[in-house]
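Text of final06.cif (mmCIF, C-alpha atoms and all ligand atoms) as supplied:
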data_structure
#
loop_
_atom_site.label_atom_id
_atom_site.label_comp_id
_atom_site.auth_asym_id
_atom_site.auth_seq_id
_atom_site.Cartn_x
_atom_site.Cartn_y
_atom_site.Cartn_z
CA MET A 1 -3.35 -16.17 -9.94
CA ALA A 2 -1.50 -19.29 -8.82
CA GLY A 3 -1.92 -20.59 -12.36
CA VAL A 4 -0.83 -17.28 -13.74
CA VAL A 5 2.30 -17.21 -11.63
CA HIS A 6 3.27 -20.68 -12.84
CA LEU A 7 2.60 -19.68 -16.43
CA VAL A 8 4.69 -16.56 -15.95
CA MET A 9 7.47 -18.71 -14.50
CA GLU A 10 7.34 -21.18 -17.39
CA ASN A 11 7.36 -18.38 -19.93
CA ALA A 12 10.17 -16.63 -18.16
CA VAL A 13 12.22 -19.80 -18.11
CA LYS A 14 11.51 -20.37 -21.82
CA ALA A 15 12.27 -16.76 -22.72
CA MET A 16 15.56 -16.76 -20.82
CA SER A 17 18.61 -17.43 -22.80
CA LEU A 18 20.16 -19.48 -20.07
CA ASN A 19 23.71 -18.54 -19.35
CA TRP A 20 25.82 -17.91 -16.30
CA LEU A 21 24.51 -14.34 -16.00
CA THR A 22 20.85 -15.35 -15.91
CA PRO A 23 19.27 -14.32 -12.60
CA ALA A 24 17.65 -16.89 -10.37
CA GLY A 25 14.19 -18.14 -11.23
CA ARG A 26 12.70 -16.14 -8.36
CA VAL A 27 13.81 -12.96 -10.11
CA SER A 28 13.23 -13.94 -13.73
CA ALA A 29 9.76 -15.16 -12.82
CA LEU A 30 8.56 -11.77 -11.64
CA PRO A 31 6.20 -9.98 -13.98
CA PRO A 32 7.49 -6.48 -14.85
CA TYR A 33 6.85 -3.92 -12.16
CA VAL A 34 4.17 -1.75 -13.72
CA PHE A 35 5.35 1.40 -12.00
CA ALA A 36 8.78 0.94 -13.56
CA ARG A 37 7.11 0.60 -16.97
CA LEU A 38 5.00 3.67 -16.31
CA ASP A 39 8.21 5.53 -15.51
CA GLU A 40 9.55 4.73 -18.99
CA LEU A 41 6.36 5.98 -20.61
CA LYS A 42 6.44 9.12 -18.50
CA ALA A 43 10.03 9.77 -19.52
CA ARG A 44 9.06 9.42 -23.18
CA ALA A 45 6.10 11.79 -22.74
CA ARG A 46 8.39 14.32 -21.06
CA GLU A 47 10.84 14.08 -23.95
CA GLN A 48 7.97 15.01 -26.25
CA GLY A 49 7.56 18.16 -24.19
CA LEU A 50 4.34 17.18 -22.42
CA ASP A 51 3.64 18.96 -19.11
CA LEU A 52 2.91 15.83 -17.08
CA ILE A 53 0.43 15.79 -14.23
CA ASP A 54 1.49 12.69 -12.36
CA LEU A 55 -1.37 11.13 -10.41
CA GLY A 56 0.05 7.67 -10.90
CA MET A 57 2.23 6.93 -7.90
CA GLY A 58 1.31 6.76 -4.23
CA ASN A 59 3.97 9.37 -3.53
CA PRO A 60 2.71 12.27 -1.37
CA ASP A 61 3.55 15.70 -2.81
CA GLY A 62 4.37 17.85 0.23
CA PRO A 63 7.49 18.19 2.42
CA ALA A 64 8.00 16.26 5.66
CA PRO A 65 6.78 18.23 8.73
CA GLN A 66 9.18 21.01 9.78
CA PRO A 67 9.67 19.66 13.37
CA VAL A 68 10.69 16.32 11.86
CA ILE A 69 13.22 17.97 9.57
CA GLU A 70 14.61 19.95 12.52
CA ALA A 71 14.86 16.81 14.66
CA ALA A 72 16.75 15.10 11.83
CA ILE A 73 19.19 18.01 11.48
CA ALA A 74 19.85 18.09 15.22
CA ALA A 75 20.33 14.30 15.34
CA LEU A 76 22.71 14.53 12.42
CA GLN A 77 24.99 16.78 14.49
CA ASN A 78 25.43 14.00 17.03
CA PRO A 79 28.25 11.63 15.96
CA ALA A 80 26.77 8.91 18.18
CA ASN A 81 24.14 8.56 15.47
CA HIS A 82 26.64 8.01 12.69
CA GLY A 83 27.55 4.40 13.31
CA TYR A 84 25.56 1.24 12.69
CA PRO A 85 22.20 1.52 14.38
CA PRO A 86 21.04 -1.30 16.66
CA PHE A 87 19.60 -4.20 14.61
CA GLU A 88 16.31 -4.11 16.43
CA GLY A 89 15.90 -0.33 16.04
CA THR A 90 16.53 2.29 18.70
CA ALA A 91 14.76 1.80 22.02
CA ASN A 92 13.38 5.35 21.80
CA PHE A 93 11.76 4.82 18.41
CA ARG A 94 10.27 1.49 19.54
CA ARG A 95 8.84 3.20 22.61
CA ALA A 96 7.45 6.00 20.42
CA ILE A 97 5.73 3.33 18.33
CA THR A 98 4.11 1.60 21.28
CA SER A 99 3.06 4.92 22.86
CA TRP A 100 1.46 5.92 19.57
CA TYR A 101 -0.43 2.62 19.55
CA ARG A 102 -1.72 3.18 23.02
CA ARG A 103 -2.80 6.73 22.17
CA ARG A 104 -4.44 5.87 18.84
CA TYR A 105 -5.94 2.43 19.48
CA ASP A 106 -5.72 1.84 23.22
CA VAL A 107 -3.61 -1.24 22.45
CA ASP A 108 -0.72 -2.21 24.74
CA LEU A 109 2.45 -3.49 23.12
CA ASN A 110 5.85 -4.44 24.46
CA PRO A 111 8.41 -2.17 22.78
CA ASP A 112 11.13 -4.84 23.01
CA SER A 113 9.33 -7.82 21.57
CA GLU A 114 6.21 -6.57 19.80
CA ALA A 115 7.49 -3.66 17.69
CA LEU A 116 10.16 -3.61 14.98
CA PRO A 117 11.27 -0.60 12.89
CA LEU A 118 11.54 -1.27 9.16
CA LEU A 119 13.25 0.35 6.18
CA GLY A 120 9.78 1.26 4.95
CA SER A 121 6.89 -1.15 5.23
CA LYS A 122 7.53 -2.53 1.74
CA GLU A 123 10.84 -3.92 2.96
CA GLY A 124 9.17 -5.58 5.92
CA LEU A 125 6.27 -6.98 3.92
CA GLY A 126 8.68 -8.54 1.47
CA HIS A 127 11.02 -9.91 4.09
CA LEU A 128 8.17 -11.28 6.18
CA ALA A 129 7.31 -13.44 3.19
CA LEU A 130 10.91 -14.70 3.05
CA ALA A 131 10.92 -15.31 6.77
CA TYR A 132 7.64 -17.23 6.84
CA ILE A 133 6.90 -18.83 3.48
CA ASN A 134 8.46 -22.09 2.39
CA PRO A 135 8.41 -22.97 -1.30
CA GLY A 136 4.99 -24.38 -2.11
CA ASP A 137 3.22 -22.85 0.91
CA LEU A 138 -0.24 -21.53 0.14
CA VAL A 139 -0.65 -17.78 0.61
CA LEU A 140 -3.96 -15.91 0.45
CA VAL A 141 -3.66 -12.52 -1.23
CA PRO A 142 -6.45 -10.24 -2.37
CA SER A 143 -6.66 -9.13 -5.98
CA PRO A 144 -6.35 -6.26 -6.60
CA ALA A 145 -3.61 -5.66 -4.02
CA TYR A 146 -0.55 -3.56 -3.28
CA PRO A 147 2.17 -5.31 -5.31
CA ALA A 148 4.42 -6.10 -2.32
CA HIS A 149 1.62 -8.27 -0.93
CA PHE A 150 1.98 -10.79 -3.74
CA ARG A 151 5.52 -10.18 -5.00
CA GLY A 152 7.12 -11.03 -1.65
CA PRO A 153 5.31 -14.38 -1.50
CA VAL A 154 6.14 -15.11 -5.17
CA ILE A 155 9.84 -14.43 -4.49
CA ALA A 156 9.65 -16.75 -1.49
CA GLY A 157 8.25 -19.50 -3.73
CA GLY A 158 4.77 -19.44 -2.22
CA LYS A 159 1.70 -20.48 -4.15
CA ILE A 160 -0.74 -17.59 -4.35
CA HIS A 161 -4.45 -18.12 -3.99
CA ASN A 162 -6.17 -14.89 -4.97
CA LEU A 163 -9.10 -13.57 -3.00
CA ILE A 164 -11.00 -11.61 -5.62
CA LEU A 165 -12.32 -8.29 -4.37
CA LYS A 166 -15.55 -7.19 -6.02
CA PRO A 167 -17.48 -3.94 -6.13
CA GLU A 168 -20.67 -5.73 -5.08
CA ASN A 169 -18.92 -6.67 -1.80
CA ASP A 170 -17.64 -3.12 -1.36
CA TRP A 171 -14.17 -4.51 -2.19
CA LEU A 172 -14.12 -6.49 1.07
CA ILE A 173 -12.65 -10.00 1.14
CA ASP A 174 -15.51 -12.51 0.92
CA LEU A 175 -14.32 -14.94 3.58
CA GLY A 176 -17.28 -17.25 2.91
CA ALA A 177 -16.12 -17.72 -0.68
CA ILE A 178 -12.77 -19.22 0.34
CA PRO A 179 -13.00 -22.98 -0.19
CA ASP A 180 -12.52 -24.97 3.02
CA ASP A 181 -9.58 -26.96 1.72
CA VAL A 182 -7.83 -23.76 0.65
CA ALA A 183 -8.41 -22.17 4.05
CA GLN A 184 -7.18 -25.36 5.71
CA LYS A 185 -3.92 -25.35 3.74
CA ALA A 186 -3.24 -21.60 3.76
CA LYS A 187 -0.36 -20.36 5.87
CA ILE A 188 -0.67 -16.57 5.58
CA LEU A 189 -3.33 -14.06 4.59
CA TYR A 190 -2.30 -10.55 3.55
CA PHE A 191 -4.86 -7.75 3.65
CA ASN A 192 -5.10 -3.97 3.78
CA TYR A 193 -7.94 -1.64 4.85
CA PRO A 194 -8.23 1.29 4.18
CA ASN A 195 -7.34 -0.29 0.89
CA ASN A 196 -4.87 0.52 -1.80
CA PRO A 197 -5.89 0.61 -4.66
CA THR A 198 -9.69 0.53 -4.20
CA ALA A 199 -9.89 3.08 -1.33
CA ALA A 200 -12.36 0.73 0.38
CA THR A 201 -12.63 0.67 4.17
CA ALA A 202 -13.63 -2.28 6.34
CA PRO A 203 -16.07 -2.12 9.25
CA ARG A 204 -14.96 -3.42 12.62
CA GLU A 205 -17.12 -6.53 12.18
CA PHE A 206 -15.01 -7.47 9.18
CA PHE A 207 -11.90 -7.42 11.39
CA GLU A 208 -13.69 -9.60 13.95
CA ASP A 209 -14.71 -12.05 11.24
CA ILE A 210 -11.24 -12.31 9.75
CA VAL A 211 -9.69 -12.93 13.18
CA ALA A 212 -12.22 -15.72 13.81
CA PHE A 213 -11.51 -17.14 10.34
CA ALA A 214 -7.74 -17.07 10.85
CA ARG A 215 -7.95 -18.62 14.31
CA LYS A 216 -10.19 -21.39 13.04
CA HIS A 217 -7.87 -22.25 10.15
CA GLU A 218 -4.59 -21.37 11.88
CA ILE A 219 -3.54 -18.71 9.40
CA LEU A 220 -1.10 -15.89 10.12
CA LEU A 221 -2.83 -12.58 9.42
CA VAL A 222 -0.73 -9.79 7.93
CA HIS A 223 -2.53 -6.47 7.97
CA ASP A 224 -1.11 -3.43 6.19
CA LEU A 225 -2.47 -0.31 7.90
CA CYS A 226 -0.44 2.24 5.98
CA TYR A 227 -3.45 4.56 5.65
CA ALA A 228 -4.07 4.56 9.39
CA GLU A 229 -4.44 8.33 9.47
CA LEU A 230 -5.50 9.35 5.98
CA ALA A 231 -9.20 9.18 6.81
CA PHE A 232 -11.97 11.72 6.39
CA ASP A 233 -15.27 12.95 7.70
CA GLY A 234 -14.70 11.55 11.18
CA TYR A 235 -13.95 8.01 10.03
CA GLN A 236 -11.35 6.22 12.22
CA PRO A 237 -9.64 3.21 10.60
CA THR A 238 -9.58 0.09 12.77
CA SER A 239 -6.34 -1.52 13.87
CA LEU A 240 -6.43 -5.31 13.63
CA LEU A 241 -4.79 -5.38 17.06
CA GLU A 242 -7.88 -3.77 18.61
CA ILE A 243 -9.68 -7.06 18.08
CA PRO A 244 -9.43 -9.35 21.13
CA GLY A 245 -7.07 -12.27 20.47
CA ALA A 246 -5.69 -10.76 17.26
CA LYS A 247 -2.17 -10.33 18.62
CA GLU A 248 -1.85 -14.09 19.04
CA ILE A 249 -2.17 -14.65 15.31
CA SER A 250 -1.20 -11.47 13.51
CA VAL A 251 1.13 -8.62 12.71
CA GLU A 252 0.28 -5.15 11.46
CA PHE A 253 2.46 -2.93 9.23
CA HIS A 254 2.68 0.86 9.29
CA THR A 255 4.58 3.48 7.37
CA LEU A 256 5.56 7.09 7.91
CA SER A 257 5.61 7.58 4.14
CA LYS A 258 2.02 8.69 3.69
CA THR A 259 0.80 10.61 6.73
CA TYR A 260 4.08 12.46 7.20
CA ASN A 261 5.19 12.88 3.58
CA MET A 262 8.29 10.83 4.36
CA ALA A 263 8.22 8.33 1.50
CA GLY A 264 11.88 8.97 0.65
CA TRP A 265 13.04 8.58 4.25
CA ARG A 266 12.19 4.87 4.28
CA VAL A 267 10.73 4.49 7.73
CA GLY A 268 8.02 2.04 8.69
CA PHE A 269 7.37 -0.50 11.42
CA VAL A 270 5.59 -3.71 12.24
CA VAL A 271 3.84 -4.58 15.48
CA GLY A 272 2.02 -7.61 16.83
CA ASN A 273 2.86 -11.21 17.58
CA SER A 274 6.29 -11.44 19.20
CA GLN A 275 7.19 -14.81 17.70
CA VAL A 276 6.50 -13.56 14.18
CA ILE A 277 8.40 -10.36 14.82
CA GLN A 278 11.31 -12.39 16.16
CA GLY A 279 11.35 -14.43 12.93
CA LEU A 280 11.41 -11.29 10.80
CA ARG A 281 14.09 -9.71 13.01
CA THR A 282 16.28 -12.80 12.66
CA LEU A 283 16.03 -12.65 8.86
CA LYS A 284 16.69 -8.91 8.75
CA THR A 285 19.69 -9.23 11.06
CA ASN A 286 21.26 -11.26 8.28
CA LEU A 287 20.37 -8.83 5.51
CA ASP A 288 20.42 -5.23 6.74
CA TYR A 289 21.37 -2.94 9.62
CA GLY A 290 18.09 -1.17 9.99
CA ILE A 291 17.32 2.54 9.75
CA PHE A 292 19.90 5.33 10.08
CA ALA A 293 19.61 6.39 13.75
CA VAL A 294 19.14 10.01 12.67
CA LEU A 295 15.97 9.04 10.85
CA GLN A 296 14.71 7.01 13.79
CA THR A 297 15.02 10.10 15.97
CA ALA A 298 13.13 12.12 13.38
CA ALA A 299 10.50 9.39 13.16
CA GLU A 300 9.91 9.60 16.92
CA THR A 301 9.15 13.28 16.46
CA ALA A 302 6.69 12.49 13.66
CA LEU A 303 4.74 10.01 15.80
CA GLN A 304 4.58 12.59 18.60
CA LEU A 305 3.27 15.46 16.47
CA PRO A 306 0.09 17.04 17.78
CA ASP A 307 -3.18 15.80 16.28
CA LEU A 308 -3.52 19.16 14.57
CA TYR A 309 -0.84 18.13 12.08
CA VAL A 310 -2.76 15.02 11.12
CA SER A 311 -6.06 16.88 10.81
CA GLU A 312 -4.42 19.35 8.42
CA VAL A 313 -3.17 16.50 6.27
CA GLN A 314 -6.63 14.97 6.30
CA ALA A 315 -8.23 18.28 5.31
CA ARG A 316 -5.84 18.61 2.37
CA TYR A 317 -6.69 15.18 0.95
CA ARG A 318 -10.39 15.64 1.67
CA ARG A 319 -10.38 18.92 -0.29
CA ARG A 320 -8.72 17.22 -3.25
CA ARG A 321 -11.06 14.23 -3.02
CA ASP A 322 -14.15 16.44 -3.11
CA PHE A 323 -12.76 18.55 -5.95
CA LEU A 324 -11.87 15.58 -8.14
CA ILE A 325 -15.08 13.63 -7.47
CA GLU A 326 -17.08 16.71 -8.39
CA GLY A 327 -15.05 17.33 -11.56
CA LEU A 328 -15.19 13.69 -12.65
CA GLY A 329 -18.93 13.85 -12.01
CA GLN A 330 -19.21 16.58 -14.63
CA LEU A 331 -17.47 14.21 -17.06
CA GLY A 332 -19.99 11.44 -16.46
CA TRP A 333 -18.30 9.50 -13.66
CA THR A 334 -20.06 8.50 -10.46
CA VAL A 335 -17.23 7.99 -7.98
CA PRO A 336 -18.37 7.24 -4.43
CA LYS A 337 -17.03 9.48 -1.67
CA THR A 338 -14.03 7.71 -0.19
CA LYS A 339 -13.68 7.55 3.59
CA ALA A 340 -9.90 7.12 3.54
CA THR A 341 -6.65 6.80 1.55
CA MET A 342 -5.14 9.14 -1.02
CA TYR A 343 -6.76 7.44 -4.01
CA LEU A 344 -9.85 7.37 -6.16
CA TRP A 345 -10.65 4.06 -7.86
CA VAL A 346 -12.21 5.10 -11.10
CA PRO A 347 -13.96 2.81 -13.61
CA CYS A 348 -12.69 2.91 -17.20
CA PRO A 349 -15.24 3.89 -19.81
CA PRO A 350 -17.18 0.75 -20.83
CA GLY A 351 -15.31 -1.33 -23.38
CA GLU A 352 -11.88 0.10 -22.55
CA GLY A 353 -9.27 -1.95 -20.72
CA SER A 354 -7.21 -0.47 -17.88
CA THR A 355 -3.92 -0.33 -19.76
CA ASP A 356 -5.43 1.11 -22.95
CA PHE A 357 -7.37 3.71 -21.04
CA ALA A 358 -4.37 4.77 -18.92
CA LEU A 359 -2.18 5.01 -22.05
CA ASP A 360 -4.87 6.92 -23.91
CA VAL A 361 -5.18 9.38 -21.04
CA LEU A 362 -1.40 9.81 -20.84
CA GLN A 363 -0.99 10.34 -24.58
CA LYS A 364 -3.92 12.72 -25.00
CA THR A 365 -3.59 14.73 -21.80
CA GLY A 366 -0.23 14.14 -20.12
CA VAL A 367 -2.10 12.99 -17.01
CA VAL A 368 -0.64 9.86 -15.43
CA VAL A 369 -3.02 7.41 -13.78
CA THR A 370 -2.24 3.81 -12.83
CA PRO A 371 -3.98 1.00 -14.70
CA GLY A 372 -5.93 -1.11 -12.21
CA ASN A 373 -4.45 -4.36 -13.53
CA ALA A 374 -1.09 -3.25 -12.11
CA PHE A 375 -2.59 -4.45 -8.82
CA GLY A 376 -3.65 -7.84 -10.17
CA GLU A 377 -6.08 -9.06 -12.79
CA ALA A 378 -9.09 -8.23 -10.66
CA GLY A 379 -8.14 -4.56 -10.96
CA GLU A 380 -8.94 -4.69 -14.68
CA GLY A 381 -11.56 -2.17 -15.70
CA TYR A 382 -10.36 0.53 -13.28
CA VAL A 383 -7.62 3.09 -12.95
CA ARG A 384 -6.25 4.43 -9.69
CA VAL A 385 -5.95 8.18 -9.41
CA SER A 386 -3.74 9.52 -6.60
CA LEU A 387 -4.70 12.74 -4.85
CA ILE A 388 -1.11 13.94 -4.92
CA ALA A 389 -1.51 17.35 -6.55
CA GLU A 390 -3.19 20.56 -5.43
CA CYS A 391 -6.66 21.41 -6.71
CA ASP A 392 -5.35 23.83 -9.35
CA ARG A 393 -3.41 21.00 -10.98
CA LEU A 394 -6.33 18.61 -10.58
CA GLY A 395 -8.47 21.26 -12.25
CA GLU A 396 -5.98 21.46 -15.12
CA ALA A 397 -6.14 17.66 -15.46
CA LEU A 398 -9.94 17.83 -15.64
CA ARG A 399 -9.78 20.63 -18.26
CA ARG A 400 -7.52 18.48 -20.41
CA PHE A 401 -9.87 15.49 -20.02
CA LYS A 402 -12.74 17.64 -21.20
CA GLU A 403 -10.80 19.00 -24.17
CA ALA A 404 -9.64 15.53 -25.20
CA GLY A 405 -13.16 14.10 -24.91
CA ILE A 406 -12.17 11.76 -22.09
CA ARG A 407 -15.31 11.03 -20.15
CA TYR A 408 -17.40 8.20 -18.79
CA SER A 409 -20.34 7.39 -20.93
CA ALA A 410 -22.48 4.38 -20.17
CA GLU A 411 -23.80 4.72 -23.72
CA ALA A 412 -20.71 3.07 -25.18
CA VAL A 413 -22.24 -0.21 -24.03
CA VAL A 414 -25.59 0.54 -25.67
CA SER A 415 -23.92 1.39 -28.97
CA GLY A 416 -22.53 -2.12 -28.93
CA LYS A 417 -18.82 -1.38 -28.63
CA GLU A 418 -17.22 -4.70 -27.74
C1 LIG B 501 2.36 3.27 0.19
C2 LIG B 501 2.09 1.91 0.72
C3 LIG B 501 3.01 1.30 1.56
C4 LIG B 501 4.20 2.09 2.00
O1 LIG B 501 5.36 1.57 1.82
P1 LIG B 501 6.69 2.18 2.44
O2 LIG B 501 7.62 1.13 1.99
O3 LIG B 501 6.54 2.23 3.91
O4 LIG B 501 6.93 3.52 1.84
C5 LIG B 501 2.72 0.05 2.08
N1 LIG B 501 1.56 -0.56 1.78
C6 LIG B 501 0.64 0.01 1.00
C7 LIG B 501 -0.64 -0.67 0.76
C8 LIG B 501 0.89 1.26 0.44
O5 LIG B 501 -0.03 1.82 -0.34
#

So, in terms of structure tokens, how does the structure I just supplied come out?
Ligand SMILES: *Cc1c(COP(=O)(O)O)cnc(C)c1O
Amino acid sequence: MAGVVHLVMENAVKAMSLNWLTPAGRVSALPPYVFARLDELKARAREQGLDLIDLGMGNPDGPAPQPVIEAAIAALQNPANHGYPPFEGTANFRRAITSWYRRRYDVDLNPDSEALPLLGSKEGLGHLALAYINPGDLVLVPSPAYPAHFRGPVIAGGKIHNLILKPENDWLIDLGAIPDDVAQKAKILYFNYPNNPTAATAPREFFEDIVAFARKHEILLVHDLCYAELAFDGYQPTSLLEIPGAKEISVEFHTLSKTYNMAGWRVGFVVGNSQVIQGLRTLKTNLDYGIFAVLQTAAETALQLPDLYVSEVQARYRRRRDFLIEGLGQLGWTVPKTKATMYLWVPCPPGEGSTDFALDVLQKTGVVVTPGNAFGEAGEGYVRVSLIAECDRLGEALRRFKEAGIRYSAEAVVSGKE
């Protein structure tokens, strides 16, 4: 990946007609954002009159919870909320965050120094890279990964060393495969379990191992726990901060986008090491004013919702998961039962690349799935399917697959298709 990034940079520089309107190298060097490209293709398909079933984005389909909407409306009536919010977030929202942590994980955090509200976790993940990575610093990032985990570091000028996730390791980072000199030089390691895009989960021992690894090599751990509550069948995702000593070397990111259907509200937060949070806060103070106070009040309400709300959300995704796995099974796919997230990570039929398969599916059926290589080269050979439609629509997608002859057939390999 490091090589790839440099190649991309060189090509970008060559391709640029350099003039005074050319953006900085850190912008021109970025590979196109696949979701933006997918959007263009979707628009074209819509123009052709296709009834799209969009399972491409990680954008939950339901409304935000009613009590959250009501809290937002009430807060909106209070003019005190209309001015600039405090840079560090409102004290009440920070306290709601730390109370939630105590309730969920039995982890104690100081609301003043160890919790920081964010304009969505993507903002924080990106800005953390700017706050912590000097040009040339070595950054460990899994592949495949959520794009913000490598794009932030690329923008900051970091050198990416990819940690390739493999099905034979259950998509867990193979810490033993990281060369010693790489580990020694690395400054930051980004990771995310339950994982987007693979839907993999990590056992607690993995978290213990990665903390030991990071302590040994003095690496800042950045864990993205945005699927903290989208878990099924009794599975409870682990917070990195549950691991003794983790807070000394790590931060953990959360979002309200997924659990609470609040993706458009742009509310997330980071917790953990106070020095790291202070660094991020200092950067942000120079770039933004934080979240509209109205939305922080609403976010408090979300974090205080009774567990029943969360179990209903879980039941909805579990129902869709079971329905789609069953239907894909009838089309030849063996997709393991996921324990968490809102995704299925589905292998392309043998011999078909991710992009070709996703385009083929879109053109023949109007169903949008995300090519796995959007998450890095190691995602090649898979597509990510989001569980963001009700079962009747998922059923319609499966009917169209069947009609169009889209199925998984291991025989393609036997027949020698290269
Ligand atoms: C959806 C998602 C986010 C959420 O980002 P927000 O900016 O908070 O909406 C962060 N990380 C991962 C891995 C995600 O899948």

Subject >> Shell around region 97-99 of chain A at 6 Å using all atoms listed in the file, local window under 2 positions removed, as a ChimeraX atom specification >> reply: /A:94-95,101-102,109,111

Original post:
Which neighbours of Cys391 (chain A) fall inside 8 Å, counting all atoms listed in the file, when residues of the same chain fewer than 6 positions from it are skipped, and could you give them as a list in words?
Top reply: Arg319, Arg320, Phe323 and Leu324 of chain A

Based on the selection just made, write C-alpha atoms of those residues as a PDB file, in the coordinates of the input.
ATOM      1  CA  ARG A 319     -10.380  18.920  -0.290  1.00  0.00           C
ATOM      2  CA  ARG A 320      -8.720  17.220  -3.250  1.00  0.00           C
ATOM      3  CA  PHE A 323     -12.760  18.550  -5.950  1.00  0.00           C
ATOM      4  CA  LEU A 324     -11.870  15.580  -8.140  1.00  0.00           C
TER       5      LEU A 324
END

Original post:
Which residues form the shell of 9 Å around ligand LIG 501 (chain B) when you count only C-alpha atoms and all ligand atoms, given as a VMD selection string?
Top reply: chain A and resid 57 to 59 118 to 125 145 to 149 191 to 197 224 to 227 253 to 258 262 to 269 341 to 342

Put those residues in a file: C-alpha atoms, as an mmCIF file, keeping the file's coordinate frame.
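Okay, result.cif is ready:
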data_model
loop_
_atom_site.group_PDB
_atom_site.id
_atom_site.type_symbol
_atom_site.label_atom_id
_atom_site.label_comp_id
_atom_site.auth_asym_id
_atom_site.auth_seq_id
_atom_site.Cartn_x
_atom_site.Cartn_y
_atom_site.Cartn_z
ATOM 1 C CA MET A 57 2.230 6.930 -7.900
ATOM 2 C CA GLY A 58 1.310 6.760 -4.230
ATOM 3 C CA ASN A 59 3.970 9.370 -3.530
ATOM 4 C CA LEU A 118 11.540 -1.270 9.160
ATOM 5 C CA LEU A 119 13.250 0.350 6.180
ATOM 6 C CA GLY A 120 9.780 1.260 4.950
ATOM 7 C CA SER A 121 6.890 -1.150 5.230
ATOM 8 C CA LYS A 122 7.530 -2.530 1.740
ATOM 9 C CA GLU A 123 10.840 -3.920 2.960
ATOM 10 C CA GLY A 124 9.170 -5.580 5.920
ATOM 11 C CA LEU A 125 6.270 -6.980 3.920
ATOM 12 C CA ALA A 145 -3.610 -5.660 -4.020
ATOM 13 C CA TYR A 146 -0.550 -3.560 -3.280
ATOM 14 C CA PRO A 147 2.170 -5.310 -5.310
ATOM 15 C CA ALA A 148 4.420 -6.100 -2.320
ATOM 16 C CA HIS A 149 1.620 -8.270 -0.930
ATOM 17 C CA PHE A 191 -4.860 -7.750 3.650
ATOM 18 C CA ASN A 192 -5.100 -3.970 3.780
ATOM 19 C CA TYR A 193 -7.940 -1.640 4.850
ATOM 20 C CA PRO A 194 -8.230 1.290 4.180
ATOM 21 C CA ASN A 195 -7.340 -0.290 0.890
ATOM 22 C CA ASN A 196 -4.870 0.520 -1.800
ATOM 23 C CA PRO A 197 -5.890 0.610 -4.660
ATOM 24 C CA ASP A 224 -1.110 -3.430 6.190
ATOM 25 C CA LEU A 225 -2.470 -0.310 7.900
ATOM 26 C CA CYS A 226 -0.440 2.240 5.980
ATOM 27 C CA TYR A 227 -3.450 4.560 5.650
ATOM 28 C CA PHE A 253 2.460 -2.930 9.230
ATOM 29 C CA HIS A 254 2.680 0.860 9.290
ATOM 30 C CA THR A 255 4.580 3.480 7.370
ATOM 31 C CA LEU A 256 5.560 7.090 7.910
ATOM 32 C CA SER A 257 5.610 7.580 4.140
ATOM 33 C CA LYS A 258 2.020 8.690 3.690
ATOM 34 C CA MET A 262 8.290 10.830 4.360
ATOM 35 C CA ALA A 263 8.220 8.330 1.500
ATOM 36 C CA GLY A 264 11.880 8.970 0.650
ATOM 37 C CA TRP A 265 13.040 8.580 4.250
ATOM 38 C CA ARG A 266 12.190 4.870 4.280
ATOM 39 C CA VAL A 267 10.730 4.490 7.730
ATOM 40 C CA GLY A 268 8.020 2.040 8.690
ATOM 41 C CA PHE A 269 7.370 -0.500 11.420
ATOM 42 C CA THR A 341 -6.650 6.800 1.550
ATOM 43 C CA MET A 342 -5.140 9.140 -1.020
#

Original post:
Which polymer residues have any atom within 8 Å of an atom of Phe232 (chain A), counting only C-alpha atoms, with same-chain residues fewer than 3 positions away left out, as a PyMOL selection string?
Top reply: chain A and resi 235+314-315+318+338-340

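Of note, CA of Asn169 (chain A) and CA of Lys187 (chain A) are spaced 24.3 Å apart.
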
Original post:
Quick one: of A:Trp20, A:Phe35, A:Trp345, A:Tyr260, who's nearest to Ser311 (chain A), counting all atoms listed in the file?
Top reply: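 Using all atoms listed in the file, Ser311 (chain A) sits closest to A:Tyr260.
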
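Closest approach to Val107 (chain A) among A:Glu352, A:Glu242, A:Asp392, A:Asp322 is made by A:Glu242 (distances from all atoms listed in the file).
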
Original post:
Of the candidates A:Lys166, A:His161, A:Arg37, A:Lys185, which shows the shortest atom-to-atom distance to Tyr382 (chain A), using only C-alpha atoms?
Top reply: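 Selected residue with least distance to Tyr382 (chain A): A:Lys166.
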
Original post:
Looking at all atoms listed in the file, which of A:Val182, A:Leu41, A:Ala177, A:Leu172 is the one that sits closest to Leu362 (chain A)?
Top reply: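 Answer, going by the shortest atom-to-atom distance: A:Leu41.
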
Original post:
Which distance in Å separates CA of Ile133 (chain A) and CA of Leu280 (chain A), to one decimal?
Top reply: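 Between CA of Ile133 (chain A) and CA of Leu280 (chain A) the gap is 11.4 Å.
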
Original post:
Between A:Ser274, A:Gln184, A:Asn261, A:Gln236, which is the closest to Lys216 (chain A) once you count only C-alpha atoms?
Top reply: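 Of A:Ser274, A:Gln184, A:Asn261, A:Gln236, the one nearest Lys216 (chain A) is A:Gln184, counting only C-alpha atoms.
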
**OP:** Excluding region 74-79 of chain A and any residue of its chain fewer than 6 positions from it, enumerate the residues within 10 Å of it, using only C-alpha atoms, and give them as a list of chain:residue names.
**Re:**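 Once the adjacent positions are removed, what remains is A:Val68, A:Phe292, A:Ala293, A:Val294, A:Leu295, A:Gln296, A:Thr297, A:Ala298.
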
Original post:
Pick the closest to Arg393 (chain A) from A:Gly329, A:Pro349, A:Gly366, A:Pro63: which is it, counting only C-alpha atoms?
Top reply: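 Nearest candidate to Arg393 (chain A) out of A:Gly329, A:Pro349, A:Gly366, A:Pro63: A:Gly366.
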